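Raw contents of upload_12.tsv, TSV, C-alpha atoms:
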chain	number	residue	atom	x	y	z
A	1	MET	CA	-66.58	-77.58	53.89
A	2	LYS	CA	-63.36	-76.22	52.36
A	3	GLN	CA	-65.47	-74.50	49.68
A	4	ILE	CA	-67.51	-72.72	52.37
A	5	GLN	CA	-64.38	-71.62	54.24
A	6	ARG	CA	-62.85	-70.29	51.02
A	7	LEU	CA	-66.05	-68.39	50.21
A	8	LYS	CA	-66.08	-66.79	53.65
A	9	LYS	CA	-62.47	-65.68	53.18
A	10	GLU	CA	-63.20	-64.23	49.72
A	11	MET	CA	-66.17	-62.27	51.07
A	12	ILE	CA	-64.11	-60.31	53.59
A	13	LEU	CA	-60.95	-59.63	51.61
A	14	MET	CA	-59.86	-56.06	51.32
A	15	SER	CA	-56.84	-54.08	50.34
A	16	ASN	CA	-54.97	-52.32	53.10
A	17	ILE	CA	-52.96	-49.24	52.20
A	18	ASP	CA	-50.69	-47.75	54.87
A	19	THR	CA	-50.30	-43.98	54.78
A	20	SER	CA	-48.57	-41.52	57.06
A	21	SER	CA	-52.00	-40.61	58.48
A	22	GLY	CA	-53.21	-44.19	59.05
A	23	ASN	CA	-54.64	-47.11	57.08
A	24	ILE	CA	-57.02	-47.11	54.16
A	25	MET	CA	-58.97	-50.35	53.73
A	26	ILE	CA	-60.75	-50.98	50.43
A	27	GLU	CA	-63.16	-53.93	50.37
A	28	ASP	CA	-63.51	-56.04	47.25
A	29	GLN	CA	-67.12	-54.87	46.88
A	30	VAL	CA	-65.85	-51.34	46.20
A	31	ILE	CA	-63.55	-52.57	43.45
A	32	VAL	CA	-66.34	-54.74	42.03
A	33	GLY	CA	-68.58	-51.66	41.93
A	34	TYR	CA	-66.07	-49.76	39.81
A	35	VAL	CA	-65.52	-52.77	37.54
A	36	THR	CA	-69.26	-53.31	37.06
A	37	GLU	CA	-69.86	-49.65	36.21
A	38	GLU	CA	-67.10	-49.65	33.59
A	39	VAL	CA	-68.17	-52.94	31.99
A	40	GLN	CA	-71.79	-51.82	31.74
A	41	LYS	CA	-70.69	-48.70	29.82
A	42	ILE	CA	-69.16	-50.81	27.04
A	43	GLU	CA	-71.43	-51.27	24.04
A	44	GLY	CA	-71.81	-54.92	23.10
A	45	VAL	CA	-71.78	-56.37	26.63
A	46	SER	CA	-75.07	-58.12	27.30
A	47	ARG	CA	-74.47	-58.95	30.96
A	48	MET	CA	-71.97	-60.07	33.53
A	49	LEU	CA	-72.10	-63.72	34.52
A	50	SER	CA	-71.94	-64.88	38.12
A	51	SER	CA	-69.68	-67.82	38.82
A	52	ILE	CA	-70.57	-71.19	40.30
A	53	SER	CA	-69.20	-70.13	43.69
A	54	ASP	CA	-71.43	-67.02	43.59
A	55	SER	CA	-74.45	-69.22	42.89
A	56	PHE	CA	-73.39	-71.66	45.62
A	57	SER	CA	-72.99	-68.81	48.09
A	58	LYS	CA	-76.40	-67.37	47.25
A	59	ASN	CA	-78.37	-70.62	47.08
A	60	ILE	CA	-76.74	-72.67	49.85
A	61	LEU	CA	-75.43	-70.07	52.29
A	62	GLY	CA	-78.17	-67.53	51.64
A	63	ARG	CA	-75.60	-64.82	50.93
A	64	ASP	CA	-75.30	-62.78	47.80
A	65	SER	CA	-71.59	-62.16	47.30
A	66	GLY	CA	-72.42	-59.23	45.03
A	67	MET	CA	-69.42	-60.14	42.89
A	68	ASN	CA	-71.47	-60.34	39.65
A	69	GLY	CA	-68.97	-62.24	37.56
A	70	VAL	CA	-65.92	-60.47	38.98
A	71	ARG	CA	-63.11	-62.18	40.89
A	72	ILE	CA	-60.25	-60.31	42.49
A	73	THR	CA	-56.97	-61.86	43.53
A	74	ARG	CA	-54.30	-59.90	45.28
A	75	ASP	CA	-50.61	-59.79	46.04
A	76	GLY	CA	-50.25	-56.97	48.55
A	77	ASN	CA	-51.57	-53.84	46.86
A	78	ASN	CA	-51.34	-55.41	43.41
A	79	ILE	CA	-54.53	-57.01	42.12
A	80	THR	CA	-55.67	-59.17	39.23
A	81	ILE	CA	-59.27	-58.84	38.10
A	82	ASN	CA	-61.12	-61.67	36.34
A	83	ILE	CA	-64.35	-60.70	34.59
A	84	HIS	CA	-66.89	-63.12	33.09
A	85	ILE	CA	-69.34	-61.70	30.56
A	86	ILE	CA	-71.88	-62.51	27.86
A	87	VAL	CA	-71.63	-60.42	24.68
A	88	TYR	CA	-74.10	-59.76	21.91
A	89	TYR	CA	-73.87	-61.69	18.65
A	90	GLY	CA	-71.67	-60.01	16.04
A	91	ILE	CA	-69.42	-58.18	18.49
A	92	ASN	CA	-65.68	-58.25	17.81
A	93	ILE	CA	-64.52	-60.16	20.90
A	94	PRO	CA	-60.85	-59.08	20.95
A	95	LYS	CA	-61.85	-55.43	20.46
A	96	ILE	CA	-64.44	-55.41	23.25
A	97	SER	CA	-62.03	-57.28	25.55
A	98	TYR	CA	-59.27	-54.70	25.01
A	99	GLU	CA	-61.76	-51.90	25.62
A	100	ILE	CA	-62.92	-53.46	28.91
A	101	GLN	CA	-59.35	-54.14	30.04
A	102	GLY	CA	-58.26	-50.55	29.45
A	103	ALA	CA	-61.32	-48.95	31.05
A	104	VAL	CA	-61.27	-51.20	34.13
A	105	LYS	CA	-57.52	-50.87	34.70
A	106	GLN	CA	-57.57	-47.08	34.39
A	107	THR	CA	-60.62	-46.59	36.63
A	108	VAL	CA	-59.60	-48.99	39.40
A	109	GLU	CA	-56.06	-47.60	39.58
A	110	GLU	CA	-57.27	-44.00	39.50
A	111	TYR	CA	-59.96	-44.38	42.15
A	112	THR	CA	-58.29	-46.85	44.54
A	113	GLY	CA	-54.55	-46.26	44.24
A	114	LEU	CA	-54.04	-50.01	43.77
A	115	THR	CA	-51.93	-51.44	40.97
A	116	VAL	CA	-53.85	-53.61	38.52
A	117	ASP	CA	-51.47	-56.27	37.21
A	118	ALA	CA	-54.00	-57.83	34.83
A	119	VAL	CA	-57.63	-57.69	33.76
A	120	ASN	CA	-58.61	-61.12	32.42
A	121	ILE	CA	-61.78	-61.36	30.35
A	122	GLY	CA	-63.78	-64.58	30.01
A	123	ILE	CA	-66.39	-64.52	27.25
A	124	GLU	CA	-68.87	-67.09	28.52
A	125	GLY	CA	-71.50	-66.88	25.82
A	126	ILE	CA	-73.39	-64.92	23.19
A	127	ASP	CA	-76.85	-63.32	23.38
A	128	ARG	CA	-78.94	-62.08	20.50
A	129	GLU	CA	-79.49	-58.32	20.30
A	130	LYS	CA	-82.59	-57.04	22.11

Represent the supplied structure as structure tokens.
Amino acid sequence: MKQIQRLKKEMILMSNIDTSSGNIMIEDQVIVGYVTEEVQKIEGVSRMLSSISDSFSKNILGRDSGMNGVRITRDGNNITINIHIIVYYGINIPKISYEIQGAVKQTVEEYTGLTVDAVNIGIEGIDREK
């Protein structure tokens, strides 16, 4: 039951930025969209890997979280992004990780105005080239 409650909370989290003209609310799905686009541009990434809680949410609750291997944690308007991917065999893992970190941090900060404290990369496996 606690797992379900936590999943429901994660699904509706958003960043709230106060401005002199009002509030700007950015849902996690927006951030995930930017992250996914940047990761898919990087040569050597086979695919993004959904987590167990994503699978649980989709199979048990009938909801697709749409998070696609991305988890966002926040502290006010500062966020940490965790990305889980599968890479192709023969790819230099530190190099591709640095490339993803830089691209994701730059894009998310530029397009959302949020501060990205960290982009953590989890290499979950290796696929053979197509």

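One finds CA of Ile42 (chain A) at 7.0 Å from CA of Ile100 (chain A).
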
If we count only C-alpha atoms and set the cut-off at 9 Å, which residues sit around Arg128 (chain A), ignoring sequence neighbours fewer than 2 positions away in its own chain? Please answer as a short mmCIF file (atom, residue, chain, number, x, y, z; two decimals) with C-alpha atoms, keeping the file's coordinate frame.
data_model
loop_
_atom_site.label_atom_id
_atom_site.label_comp_id
_atom_site.auth_asym_id
_atom_site.auth_seq_id
_atom_site.Cartn_x
_atom_site.Cartn_y
_atom_site.Cartn_z
CA SER A 46 -75.07 -58.12 27.30
CA VAL A 87 -71.63 -60.42 24.68
CA TYR A 88 -74.10 -59.76 21.91
CA TYR A 89 -73.87 -61.69 18.65
CA GLY A 90 -71.67 -60.01 16.04
CA ILE A 126 -73.39 -64.92 23.19
CA LYS A 130 -82.59 -57.04 22.11
#

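Considering the residues A:Asn120, A:Gln29, A:Ser20, A:Gln40 and counting all atoms listed in the file, Pro94 (chain A) has its shortest atom-to-atom contact with A:Asn120.
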
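From CA of Val39 (chain A) back to CA of Ile96 (chain A), the distance works out to 9.8 Å.
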
One number please: CA of Lys95 (chain A) to CA of Val30 (chain A), in Å, one decimal.
26.4 Å

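Shortest atom-to-atom contact with Val32 (chain A) among A:Ser50, A:Asn78, A:Asn68, A:Asn92: A:Asn68, counting all atoms listed in the file.
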
Region 111-117 of chain A: which residues within 6 Å, counting only C-alpha atoms, same-chain residues fewer than 5 positions away excluded, as a VMD selection string?
chain A and resid 77 to 80 105

If we count only C-alpha atoms, what is near Gly125 (chain A) at a cut-off of 8 Å, once residues fewer than 2 positions away on the same chain are taken out, given as a CSV table (one decimal) with C-alpha atoms, in the coordinates of the input?
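Once everything was written out, this is around07.csv:
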chain,number,residue,atom,x,y,z
A,85,ILE,CA,-69.3,-61.7,30.6
A,86,ILE,CA,-71.9,-62.5,27.9
A,87,VAL,CA,-71.6,-60.4,24.7
A,123,ILE,CA,-66.4,-64.5,27.2
A,127,ASP,CA,-76.8,-63.3,23.4
